[in-house]
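Structure file coords-v1.pdb; described as PDB, C-alpha atoms.
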```pdb
MODEL        1
ATOM      1  CA  MET B 417      35.484 -37.952   9.026
ATOM      2  CA  SER B 418      32.098 -38.822  10.544
ATOM      3  CA  LEU B 419      31.770 -39.685  14.205
ATOM      4  CA  THR B 420      30.852 -43.269  13.343
ATOM      5  CA  ALA B 421      33.879 -43.640  11.092
ATOM      6  CA  GLY B 422      36.066 -42.122  13.784
ATOM      7  CA  LEU B 423      34.802 -44.590  16.350
ATOM      8  CA  SER B 424      35.451 -47.456  13.957
ATOM      9  CA  LEU B 425      39.009 -46.250  13.591
ATOM     10  CA  VAL B 426      39.392 -46.307  17.359
ATOM     11  CA  ILE B 427      38.350 -49.973  17.322
ATOM     12  CA  VAL B 428      41.096 -50.732  14.816
ATOM     13  CA  VAL B 429      43.679 -48.929  16.954
ATOM     14  CA  LEU B 430      42.557 -50.738  20.062
ATOM     15  CA  THR B 431      42.846 -54.050  18.258
ATOM     16  CA  ALA B 432      46.375 -53.195  17.221
ATOM     17  CA  VAL B 433      47.458 -52.455  20.771
ATOM     18  CA  GLY B 434      45.275 -55.080  22.363
ATOM     19  CA  ALA B 435      48.144 -57.226  23.453
ATOM     20  CA  GLY B 436      49.212 -54.502  25.836
ATOM     21  CA  LEU B 437      45.730 -53.817  27.207
ATOM     22  CA  GLY B 438      44.700 -57.297  28.152
ATOM     23  CA  THR B 439      41.841 -59.354  26.727
ATOM     24  CA  VAL B 440      39.190 -58.420  29.283
ATOM     25  CA  ARG B 441      39.873 -54.695  29.180
ATOM     26  CA  LEU B 442      39.998 -54.689  25.394
ATOM     27  CA  ARG B 443      36.632 -56.456  25.241
ATOM     28  CA  MET B 444      35.135 -53.859  27.594
ATOM     29  CA  LEU B 445      36.484 -50.993  25.510
ATOM     30  CA  ARG B 446      35.131 -52.516  22.302
ATOM     31  CA  GLU B 447      31.674 -52.906  23.860
ATOM     32  CA  HIS B 448      31.730 -49.312  25.076
ATOM     33  CA  ILE B 449      32.614 -48.061  21.606
ATOM     34  CA  ARG B 450      29.832 -50.148  20.045
ATOM     35  CA  ARG B 451      27.382 -48.496  22.438
ATOM     36  CA  LEU B 452      28.673 -45.062  21.459
ATOM     37  CA  GLU B 453      28.264 -45.934  17.780
ATOM     38  CA  ALA B 454      24.670 -47.049  18.396
ATOM     39  CA  GLU B 455      23.906 -43.806  20.215
ATOM     40  CA  THR B 456      24.904 -41.740  17.178
ATOM     41  CA  VAL B 457      22.074 -43.278  15.103
ATOM     42  CA  THR B 458      19.422 -43.952  17.767
ATOM     43  CA  ASP B 459      16.715 -41.753  19.289
ATOM     44  CA  PRO B 460      17.277 -41.877  23.069
ATOM     45  CA  LEU B 461      13.590 -41.614  24.001
ATOM     46  CA  THR B 462      11.983 -44.268  21.802
ATOM     47  CA  GLY B 463      14.881 -46.473  20.700
ATOM     48  CA  ALA B 464      13.971 -45.924  17.035
ATOM     49  CA  PHE B 465      16.697 -44.826  14.644
ATOM     50  CA  ASN B 466      17.191 -41.079  14.196
ATOM     51  CA  ARG B 467      17.139 -38.634  11.294
ATOM     52  CA  ARG B 468      20.877 -38.991  10.735
ATOM     53  CA  HIS B 469      20.449 -42.706  10.076
ATOM     54  CA  LEU B 470      17.407 -42.092   7.867
ATOM     55  CA  ASP B 471      19.481 -39.900   5.566
ATOM     56  CA  THR B 472      22.087 -42.661   5.253
ATOM     57  CA  CYS B 473      19.499 -45.384   4.610
ATOM     58  CA  LEU B 474      17.728 -43.345   1.932
ATOM     59  CA  VAL B 475      20.979 -42.944   0.026
ATOM     60  CA  HIS B 476      21.570 -46.702   0.183
ATOM     61  CA  ALA B 477      18.032 -47.409  -1.036
ATOM     62  CA  ILE B 478      18.526 -45.055  -3.979
ATOM     63  CA  GLU B 479      21.803 -46.755  -4.842
ATOM     64  CA  ARG B 480      20.091 -50.161  -4.850
ATOM     65  CA  ARG B 481      17.342 -48.768  -7.051
ATOM     66  CA  ASN B 482      19.871 -47.416  -9.518
ATOM     67  CA  ARG B 483      22.036 -50.556  -9.606
ATOM     68  CA  LEU B 484      19.519 -53.354  -9.216
ATOM     69  CA  GLY B 485      16.136 -51.816  -9.941
ATOM     70  CA  GLU B 486      15.009 -52.715  -6.416
ATOM     71  CA  PRO B 487      11.865 -50.860  -5.311
ATOM     72  CA  ALA B 488      11.572 -49.091  -1.989
ATOM     73  CA  SER B 489       8.859 -47.069  -0.320
ATOM     74  CA  LEU B 490       8.855 -44.501   2.453
ATOM     75  CA  LEU B 491       6.134 -44.007   5.059
ATOM     76  CA  LEU B 492       6.004 -40.748   7.001
ATOM     77  CA  PHE B 493       3.570 -40.536   9.881
ATOM     78  CA  ASP B 494       2.863 -38.495  12.944
ATOM     79  CA  VAL B 495       0.513 -38.530  15.906
ATOM     80  CA  ASP B 496      -2.747 -36.678  15.317
ATOM     81  CA  ARG B 497      -3.361 -33.764  17.695
ATOM     82  CA  PHE B 498      -0.266 -34.614  19.710
ATOM     83  CA  LYS B 499      -0.011 -31.080  21.082
ATOM     84  CA  GLU B 500      -3.403 -31.552  22.718
ATOM     85  CA  ILE B 501      -2.091 -34.649  24.503
ATOM     86  CA  ASN B 502       0.931 -32.759  25.806
ATOM     87  CA  ASP B 503      -1.123 -29.737  26.862
ATOM     88  CA  ALA B 504      -3.837 -31.741  28.602
ATOM     89  CA  LEU B 505      -1.842 -34.578  30.145
ATOM     90  CA  GLY B 506       1.741 -33.348  30.288
ATOM     91  CA  HIS B 507       4.908 -34.032  28.361
ATOM     92  CA  ALA B 508       5.737 -37.151  30.367
ATOM     93  CA  THR B 509       2.500 -38.728  29.153
ATOM     94  CA  GLY B 510       3.263 -37.577  25.629
ATOM     95  CA  ASP B 511       6.661 -39.252  25.838
ATOM     96  CA  ASP B 512       5.031 -42.488  27.005
ATOM     97  CA  VAL B 513       2.656 -42.363  24.026
ATOM     98  CA  LEU B 514       5.597 -42.061  21.637
ATOM     99  CA  LYS B 515       7.391 -45.007  23.232
ATOM    100  CA  ARG B 516       4.283 -47.175  23.072
ATOM    101  CA  LEU B 517       3.690 -46.099  19.491
ATOM    102  CA  VAL B 518       7.153 -47.253  18.454
ATOM    103  CA  ARG B 519       6.569 -50.645  20.038
ATOM    104  CA  VAL B 520       3.271 -51.080  18.178
ATOM    105  CA  VAL B 521       4.733 -50.045  14.828
ATOM    106  CA  ALA B 522       7.827 -52.213  15.278
ATOM    107  CA  ARG B 523       5.616 -55.262  15.739
ATOM    108  CA  ARG B 524       3.857 -54.585  12.413
ATOM    109  CA  THR B 525       6.983 -54.300  10.249
ATOM    110  CA  ARG B 526       9.466 -56.812   8.855
ATOM    111  CA  ARG B 527      13.039 -57.214  10.032
ATOM    112  CA  VAL B 528      14.311 -55.598   6.832
ATOM    113  CA  ASP B 529      12.181 -52.491   7.401
ATOM    114  CA  VAL B 530      13.654 -49.606   9.390
ATOM    115  CA  LEU B 531      11.779 -47.335  11.801
ATOM    116  CA  PHE B 532      13.004 -43.793  12.504
ATOM    117  CA  ARG B 533      11.976 -40.919  14.743
ATOM    118  CA  ILE B 534      12.739 -37.830  12.700
ATOM    119  CA  GLY B 535      11.494 -35.093  15.004
ATOM    120  CA  GLY B 536       8.909 -34.516  17.714
ATOM    121  CA  GLU B 537       5.954 -36.787  17.025
ATOM    122  CA  GLU B 538       6.973 -37.495  13.424
ATOM    123  CA  PHE B 539       8.325 -40.866  12.316
ATOM    124  CA  ALA B 540       9.351 -42.682   9.160
ATOM    125  CA  VAL B 541       9.459 -46.299   8.039
ATOM    126  CA  LEU B 542      11.661 -47.341   5.131
ATOM    127  CA  LEU B 543      10.246 -50.409   3.388
ATOM    128  CA  ALA B 544      12.953 -52.195   1.431
ATOM    129  CA  GLY B 545      11.801 -53.961  -1.731
ATOM    130  CA  ALA B 546       8.265 -52.589  -1.356
ATOM    131  CA  THR B 547       6.168 -51.051  -4.115
ATOM    132  CA  GLY B 548       3.641 -48.333  -3.452
ATOM    133  CA  ALA B 549       0.873 -50.946  -3.322
ATOM    134  CA  ASP B 550       2.846 -52.939  -0.746
ATOM    135  CA  ALA B 551       3.437 -49.806   1.297
ATOM    136  CA  LEU B 552      -0.232 -48.877   1.178
ATOM    137  CA  ALA B 553      -1.170 -52.235   2.704
ATOM    138  CA  VAL B 554       1.497 -51.892   5.391
ATOM    139  CA  GLY B 555       0.464 -48.329   6.144
ATOM    140  CA  GLU B 556      -3.181 -49.209   6.558
ATOM    141  CA  ASP B 557      -2.261 -52.124   8.826
ATOM    142  CA  ILE B 558      -0.097 -49.846  10.990
ATOM    143  CA  ARG B 559      -2.768 -47.161  11.124
ATOM    144  CA  ALA B 560      -5.450 -49.611  12.236
ATOM    145  CA  CYS B 561      -3.203 -51.275  14.822
ATOM    146  CA  VAL B 562      -2.231 -47.950  16.386
ATOM    147  CA  GLU B 563      -5.862 -46.884  16.617
ATOM    148  CA  GLY B 564      -6.801 -50.213  18.172
ATOM    149  CA  ALA B 565      -3.904 -50.232  20.641
ATOM    150  CA  ARG B 566      -5.501 -47.565  22.844
ATOM    151  CA  LEU B 567      -2.202 -45.920  23.685
ATOM    152  CA  LEU B 568      -3.945 -43.665  26.211
ATOM    153  CA  GLY B 569      -6.230 -46.215  27.800
ATOM    154  CA  ALA B 570      -9.838 -45.338  27.037
ATOM    155  CA  ARG B 571      -8.725 -42.560  24.681
ATOM    156  CA  ALA B 572      -7.683 -43.691  21.222
ATOM    157  CA  VAL B 573      -4.535 -42.240  19.680
ATOM    158  CA  THR B 574      -4.446 -42.073  15.894
ATOM    159  CA  ILE B 575      -1.819 -41.367  13.259
ATOM    160  CA  SER B 576      -1.832 -39.969   9.738
ATOM    161  CA  ILE B 577       0.447 -41.569   7.141
ATOM    162  CA  GLY B 578       1.916 -40.392   3.854
ATOM    163  CA  ILE B 579       3.457 -42.842   1.385
ATOM    164  CA  SER B 580       5.866 -42.398  -1.489
ATOM    165  CA  GLU B 581       7.441 -45.088  -3.664
ATOM    166  CA  LEU B 582      10.931 -44.201  -4.839
ATOM    167  CA  ALA B 583      10.897 -43.087  -8.486
ATOM    168  CA  ASP B 584      13.669 -43.293 -11.064
ATOM    169  CA  GLY B 585      16.068 -40.380 -10.770
ATOM    170  CA  GLN B 586      14.542 -39.131  -7.525
ATOM    171  CA  SER B 587      16.820 -37.648  -4.878
ATOM    172  CA  ALA B 588      16.496 -38.359  -1.165
ATOM    173  CA  ARG B 589      15.214 -34.833  -0.576
ATOM    174  CA  GLU B 590      12.570 -35.182  -3.291
ATOM    175  CA  TRP B 591      11.517 -38.567  -1.957
ATOM    176  CA  ILE B 592      11.019 -37.234   1.568
ATOM    177  CA  ALA B 593       9.205 -34.151   0.278
ATOM    178  CA  GLU B 594       6.757 -36.286  -1.685
ATOM    179  CA  ALA B 595       5.956 -38.470   1.331
ATOM    180  CA  ASP B 596       5.693 -35.352   3.493
ATOM    181  CA  GLU B 597       3.208 -33.831   1.061
ATOM    182  CA  ALA B 598       1.099 -36.978   1.234
ATOM    183  CA  LEU B 599       1.231 -36.948   5.047
ATOM    184  CA  TYR B 600      -0.139 -33.433   5.271
ATOM    185  CA  ALA B 601      -2.747 -34.222   2.665
ATOM    186  CA  ALA B 602      -3.922 -36.962   5.042
ATOM    187  CA  LYS B 603      -4.057 -34.370   7.812
ATOM    188  CA  ARG B 604      -6.078 -32.029   5.665
ATOM    189  CA  ARG B 605      -8.563 -34.726   4.724
ATOM    190  CA  GLY B 606      -9.430 -35.473   8.340
ATOM    191  CA  ARG B 607      -6.473 -37.358   9.908
ATOM    192  CA  ASN B 608      -6.359 -41.050  10.877
ATOM    193  CA  ARG B 609      -5.835 -42.172   7.313
ATOM    194  CA  VAL B 610      -3.224 -43.196   4.741
ATOM    195  CA  VAL B 611      -2.414 -41.232   1.586
ATOM    196  CA  ASP B 612      -0.310 -42.548  -1.290
ATOM    197  CA  SER B 613       1.196 -39.673  -3.264
ATOM    198  CA  ASN B 614       1.389 -41.712  -6.469
ATOM    199  CA  ARG B 615      -2.174 -43.026  -6.736
ATOM    200  CA  PRO B 616      -5.343 -41.355  -8.025
ATOM    201  CA  PRO B 617      -8.321 -40.824  -5.710
ATOM    202  CA  VAL B 618     -10.410 -43.945  -5.291
ATOM    203  CA  PHE B 619     -12.637 -43.284  -2.305
ATOM    204  CA  ASP B 620     -12.894 -41.178   0.804
ATOM    205  CA  SER B 621     -13.330 -43.113   4.034
ATOM    206  CA  PRO B 622     -12.505 -42.471   7.688
ATOM    207  CA  SER B 623      -9.534 -44.827   7.399
ATOM    208  CA  ARG B 624      -7.971 -44.144   4.009
ATOM    209  CA  VAL B 625      -7.930 -41.559   1.248
ATOM    210  CA  LEU B 626      -5.973 -41.848  -1.983
ATOM    211  CA  ILE B 627      -5.087 -38.591  -3.700
ATOM    212  CA  PRO B 628      -3.138 -37.596  -6.800
ATOM    213  CA  LYS B 629       0.465 -36.503  -6.624
ATOM    214  CA  GLY B 630       1.028 -32.770  -6.640
ATOM    215  CA  ILE B 631      -2.100 -31.710  -4.720
ATOM    216  CA  ASP B 632      -1.784 -28.348  -3.009
ATOM    217  CA  VAL B 633      -2.210 -28.873   0.712
ATOM    218  CA  VAL B 634      -2.515 -26.764   3.836
ATOM    219  CA  ARG B 635      -0.637 -28.221   6.774
ATOM    220  CA  PRO B 636      -2.780 -28.629   9.890
ATOM    221  CA  ILE B 637      -1.267 -29.950  13.104
TER     222      ILE B 637
ENDMDL
END
```

Would you write out, as structure tokens, the structure that this file holds?
Amino acid sequence: MSLTAGLSLVIVVLTAVGAGLGTVRLRMLREHIRRLEAETVTDPLTGAFNRRHLDTCLVHAIERRNRLGEPASLLLFDVDRFKEINDALGHATGDDVLKRLVRVVARRTRRVDVLFRIGGEEFAVLLAGATGADALAVGEDIRACVEGARLLGARAVTISIGISELADGQSAREWIAEADEALYAAKRRGRNRVVDSNRPPVFDSPSRVLIPKGIDVVRPI
């Protein structure tokens, strides 16, 4: 049984014995358990959802694709040269950059989209009902807004983004790997740009590069 399922079971038990606990105390216990449930799927630093919740949401998106034909796209992005920020300005400043980044990205997504921190300075956004073309537009908007937000005052902070639209028969692992490949292709091509793994190259600009799926990439930081 998962921790979340176990906590839900506790709620049921508490409800059953609620008459003996008293209404106020029962309400307090329920609220405490809801907070514990939220903590199991939330990144404590940024407030974004965590990798555990990403895995669950990807499975649900695949199920909707298989049953209903509903499209979905995944954005993976991370902060360019984040190690340099930590080394030069300290980890506390780096943490502040990540928190500000999440706020900027959250303002540029829809309520149905889900933002995750999946490790270090790497994040994901799951776009429900979005094709690759939709995701490309969202990704470029996010990229530009982050660059313009000046998360370090006079010093711009940029992100690189990889995009993958869910394909028929694709597993969650394959879907993530494809977006991850596109992300590191963006890094290799100069950072501060968006790469869609499923689209052929169109142009090479400081803000966006489109590359073919399957390109062999070297992973810079």

If we count all atoms listed in the file and set the cut-off at 12 Å, which residues sit around stretch 559-572 of chain B, ignoring sequence neighbours fewer than 2 positions away in its own chain? Please answer as an mmCIF file with C-alpha atoms, keeping the file's coordinate frame.
```cif
data_model
loop_
_atom_site.group_PDB
_atom_site.id
_atom_site.type_symbol
_atom_site.label_atom_id
_atom_site.label_comp_id
_atom_site.auth_asym_id
_atom_site.auth_seq_id
_atom_site.Cartn_x
_atom_site.Cartn_y
_atom_site.Cartn_z
ATOM 1 C CA LEU B 491 6.134 -44.007 5.059
ATOM 2 C CA LEU B 492 6.004 -40.748 7.001
ATOM 3 C CA PHE B 493 3.570 -40.536 9.881
ATOM 4 C CA ASP B 494 2.863 -38.495 12.944
ATOM 5 C CA VAL B 495 0.513 -38.530 15.906
ATOM 6 C CA ASP B 496 -2.747 -36.678 15.317
ATOM 7 C CA ARG B 497 -3.361 -33.764 17.695
ATOM 8 C CA PHE B 498 -0.266 -34.614 19.710
ATOM 9 C CA ILE B 501 -2.091 -34.649 24.503
ATOM 10 C CA ASN B 502 0.931 -32.759 25.806
ATOM 11 C CA LEU B 505 -1.842 -34.578 30.145
ATOM 12 C CA THR B 509 2.500 -38.728 29.153
ATOM 13 C CA GLY B 510 3.263 -37.577 25.629
ATOM 14 C CA ASP B 511 6.661 -39.252 25.838
ATOM 15 C CA ASP B 512 5.031 -42.488 27.005
ATOM 16 C CA VAL B 513 2.656 -42.363 24.026
ATOM 17 C CA LEU B 514 5.597 -42.061 21.637
ATOM 18 C CA LYS B 515 7.391 -45.007 23.232
ATOM 19 C CA ARG B 516 4.283 -47.175 23.072
ATOM 20 C CA LEU B 517 3.690 -46.099 19.491
ATOM 21 C CA VAL B 518 7.153 -47.253 18.454
ATOM 22 C CA ARG B 519 6.569 -50.645 20.038
ATOM 23 C CA VAL B 520 3.271 -51.080 18.178
ATOM 24 C CA VAL B 521 4.733 -50.045 14.828
ATOM 25 C CA ALA B 522 7.827 -52.213 15.278
ATOM 26 C CA ARG B 523 5.616 -55.262 15.739
ATOM 27 C CA ARG B 524 3.857 -54.585 12.413
ATOM 28 C CA THR B 525 6.983 -54.300 10.249
ATOM 29 C CA ALA B 551 3.437 -49.806 1.297
ATOM 30 C CA LEU B 552 -0.232 -48.877 1.178
ATOM 31 C CA ALA B 553 -1.170 -52.235 2.704
ATOM 32 C CA VAL B 554 1.497 -51.892 5.391
ATOM 33 C CA GLY B 555 0.464 -48.329 6.144
ATOM 34 C CA GLU B 556 -3.181 -49.209 6.558
ATOM 35 C CA ASP B 557 -2.261 -52.124 8.826
ATOM 36 C CA THR B 574 -4.446 -42.073 15.894
ATOM 37 C CA ILE B 575 -1.819 -41.367 13.259
ATOM 38 C CA SER B 576 -1.832 -39.969 9.738
ATOM 39 C CA ILE B 577 0.447 -41.569 7.141
ATOM 40 C CA GLY B 578 1.916 -40.392 3.854
ATOM 41 C CA ALA B 602 -3.922 -36.962 5.042
ATOM 42 C CA ARG B 607 -6.473 -37.358 9.908
ATOM 43 C CA ASN B 608 -6.359 -41.050 10.877
ATOM 44 C CA ARG B 609 -5.835 -42.172 7.313
ATOM 45 C CA VAL B 610 -3.224 -43.196 4.741
ATOM 46 C CA VAL B 611 -2.414 -41.232 1.586
ATOM 47 C CA PRO B 622 -12.505 -42.471 7.688
ATOM 48 C CA SER B 623 -9.534 -44.827 7.399
ATOM 49 C CA ARG B 624 -7.971 -44.144 4.009
#
```

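The nearest approach to B:Asp459 among the residues B:Gly535, B:Gly506, B:Arg604, B:Arg441, with only C-alpha atoms taken into account, belongs to B:Gly535.
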
Quick one: 6 Å padding each side, axis-aligned, all listed atoms of stretch 569-580 of chain B - centre and edge lengths in Å to one decimal, as AutoDock Vina command-line options?
```
--center_x -2.0 --center_y -43.1 --center_z 13.2 --size_x 27.7 --size_y 18.2 --size_z 41.3
```

What does the PyMOL selection byres ((chain B and resi 581) around 12) select in this file, as a PDB file with C-alpha atoms, in the coordinates of the input?
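Once written, selection.pdb looks like this:
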```pdb
ATOM      1  CA  LEU B 474      17.728 -43.345   1.932  1.00  0.00           C
ATOM      2  CA  ALA B 477      18.032 -47.409  -1.036  1.00  0.00           C
ATOM      3  CA  ILE B 478      18.526 -45.055  -3.979  1.00  0.00           C
ATOM      4  CA  ARG B 481      17.342 -48.768  -7.051  1.00  0.00           C
ATOM      5  CA  GLU B 486      15.009 -52.715  -6.416  1.00  0.00           C
ATOM      6  CA  PRO B 487      11.865 -50.860  -5.311  1.00  0.00           C
ATOM      7  CA  ALA B 488      11.572 -49.091  -1.989  1.00  0.00           C
ATOM      8  CA  SER B 489       8.859 -47.069  -0.320  1.00  0.00           C
ATOM      9  CA  LEU B 490       8.855 -44.501   2.453  1.00  0.00           C
ATOM     10  CA  LEU B 491       6.134 -44.007   5.059  1.00  0.00           C
ATOM     11  CA  LEU B 492       6.004 -40.748   7.001  1.00  0.00           C
ATOM     12  CA  VAL B 541       9.459 -46.299   8.039  1.00  0.00           C
ATOM     13  CA  LEU B 542      11.661 -47.341   5.131  1.00  0.00           C
ATOM     14  CA  LEU B 543      10.246 -50.409   3.388  1.00  0.00           C
ATOM     15  CA  ALA B 544      12.953 -52.195   1.431  1.00  0.00           C
ATOM     16  CA  GLY B 545      11.801 -53.961  -1.731  1.00  0.00           C
ATOM     17  CA  ALA B 546       8.265 -52.589  -1.356  1.00  0.00           C
ATOM     18  CA  THR B 547       6.168 -51.051  -4.115  1.00  0.00           C
ATOM     19  CA  GLY B 548       3.641 -48.333  -3.452  1.00  0.00           C
ATOM     20  CA  ALA B 549       0.873 -50.946  -3.322  1.00  0.00           C
ATOM     21  CA  ASP B 550       2.846 -52.939  -0.746  1.00  0.00           C
ATOM     22  CA  ALA B 551       3.437 -49.806   1.297  1.00  0.00           C
ATOM     23  CA  LEU B 552      -0.232 -48.877   1.178  1.00  0.00           C
ATOM     24  CA  GLY B 578       1.916 -40.392   3.854  1.00  0.00           C
ATOM     25  CA  ILE B 579       3.457 -42.842   1.385  1.00  0.00           C
ATOM     26  CA  SER B 580       5.866 -42.398  -1.489  1.00  0.00           C
ATOM     27  CA  LEU B 582      10.931 -44.201  -4.839  1.00  0.00           C
ATOM     28  CA  ALA B 583      10.897 -43.087  -8.486  1.00  0.00           C
ATOM     29  CA  ASP B 584      13.669 -43.293 -11.064  1.00  0.00           C
ATOM     30  CA  GLN B 586      14.542 -39.131  -7.525  1.00  0.00           C
ATOM     31  CA  ALA B 588      16.496 -38.359  -1.165  1.00  0.00           C
ATOM     32  CA  GLU B 590      12.570 -35.182  -3.291  1.00  0.00           C
ATOM     33  CA  TRP B 591      11.517 -38.567  -1.957  1.00  0.00           C
ATOM     34  CA  ILE B 592      11.019 -37.234   1.568  1.00  0.00           C
ATOM     35  CA  ALA B 593       9.205 -34.151   0.278  1.00  0.00           C
ATOM     36  CA  GLU B 594       6.757 -36.286  -1.685  1.00  0.00           C
ATOM     37  CA  ALA B 595       5.956 -38.470   1.331  1.00  0.00           C
ATOM     38  CA  ALA B 598       1.099 -36.978   1.234  1.00  0.00           C
ATOM     39  CA  VAL B 611      -2.414 -41.232   1.586  1.00  0.00           C
ATOM     40  CA  ASP B 612      -0.310 -42.548  -1.290  1.00  0.00           C
ATOM     41  CA  SER B 613       1.196 -39.673  -3.264  1.00  0.00           C
ATOM     42  CA  ASN B 614       1.389 -41.712  -6.469  1.00  0.00           C
ATOM     43  CA  ARG B 615      -2.174 -43.026  -6.736  1.00  0.00           C
ATOM     44  CA  LYS B 629       0.465 -36.503  -6.624  1.00  0.00           C
TER      45      LYS B 629
END
```

Quiz item: What residues come out when you apply the PyMOL selection byres ((chain B and resi 464-473) around 6) to this file, written as a PyMOL selection string?
Solution: chain B and resi 457-459+462-463+474-476+531-534

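If you look at atom CA of B:Asp596 and atom CA of B:Glu538, they are 10.2 Å away from each other.
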
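As for atom CA of B:Arg483 and atom CA of B:Arg589, they are spaced 19.4 Å apart.
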
Quiz item: Which distance in Å separates atom CA of B:Gly485 and atom CA of B:Arg526, to one decimal?
Solution: 20.6 Å

Should you be able to, write stretch 547-598 of chain B of this structure into a file that contains C-alpha atoms, as a short mmCIF file (atom, residue, chain, number, x, y, z; two decimals), in the first residue's frame.
```cif
data_model
loop_
_atom_site.label_atom_id
_atom_site.label_comp_id
_atom_site.auth_asym_id
_atom_site.auth_seq_id
_atom_site.Cartn_x
_atom_site.Cartn_y
_atom_site.Cartn_z
CA THR B 547 -0.07 18.74 -29.20
CA GLY B 548 3.60 19.23 -29.91
CA ALA B 549 2.80 22.50 -31.71
CA ASP B 550 0.86 23.72 -28.67
CA ALA B 551 3.72 22.74 -26.38
CA LEU B 552 6.25 24.52 -28.57
CA ALA B 553 4.31 27.78 -28.24
CA VAL B 554 4.00 27.34 -24.48
CA GLY B 555 7.67 26.47 -24.14
CA GLU B 556 8.82 29.50 -26.07
CA ASP B 557 6.54 31.74 -23.99
CA ILE B 558 7.95 30.29 -20.76
CA ARG B 559 11.52 30.60 -21.98
CA ALA B 560 11.08 34.26 -22.93
CA CYS B 561 9.28 35.13 -19.69
CA VAL B 562 11.98 33.55 -17.54
CA GLU B 563 14.70 35.41 -19.41
CA GLY B 564 12.80 38.67 -19.05
CA ALA B 565 12.02 38.17 -15.36
CA ARG B 566 15.59 38.93 -14.30
CA LEU B 567 15.58 36.38 -11.50
CA LEU B 568 18.97 37.64 -10.31
CA GLY B 569 18.37 41.35 -10.65
CA ALA B 570 20.66 42.76 -13.32
CA ARG B 571 21.81 39.26 -14.26
CA ALA B 572 19.46 37.33 -16.51
CA VAL B 573 18.73 33.69 -15.73
CA THR B 574 17.83 31.49 -18.68
CA ILE B 575 16.45 28.00 -19.15
CA SER B 576 16.69 25.33 -21.83
CA ILE B 577 13.57 23.34 -22.70
CA GLY B 578 12.97 19.97 -24.34
CA ILE B 579 9.53 18.98 -25.63
CA SER B 580 7.97 15.64 -26.44
CA GLU B 581 4.39 14.92 -27.50
CA LEU B 582 3.12 11.57 -26.28
CA ALA B 583 3.11 9.01 -29.10
CA ASP B 584 0.91 5.95 -29.53
CA GLY B 585 2.24 2.99 -27.58
CA GLN B 586 4.88 5.04 -25.78
CA SER B 587 5.70 4.21 -22.17
CA ALA B 588 6.24 6.82 -19.47
CA ARG B 589 9.96 6.04 -19.42
CA GLU B 590 10.24 6.45 -23.19
CA TRP B 591 8.29 9.69 -23.08
CA ILE B 592 10.56 11.20 -20.44
CA ALA B 593 13.68 9.97 -22.25
CA GLU B 594 12.58 11.64 -25.48
CA ALA B 595 11.94 14.98 -23.76
CA ASP B 596 15.23 14.62 -21.89
CA GLU B 597 17.07 14.06 -25.16
CA ALA B 598 15.52 17.21 -26.58
#
```
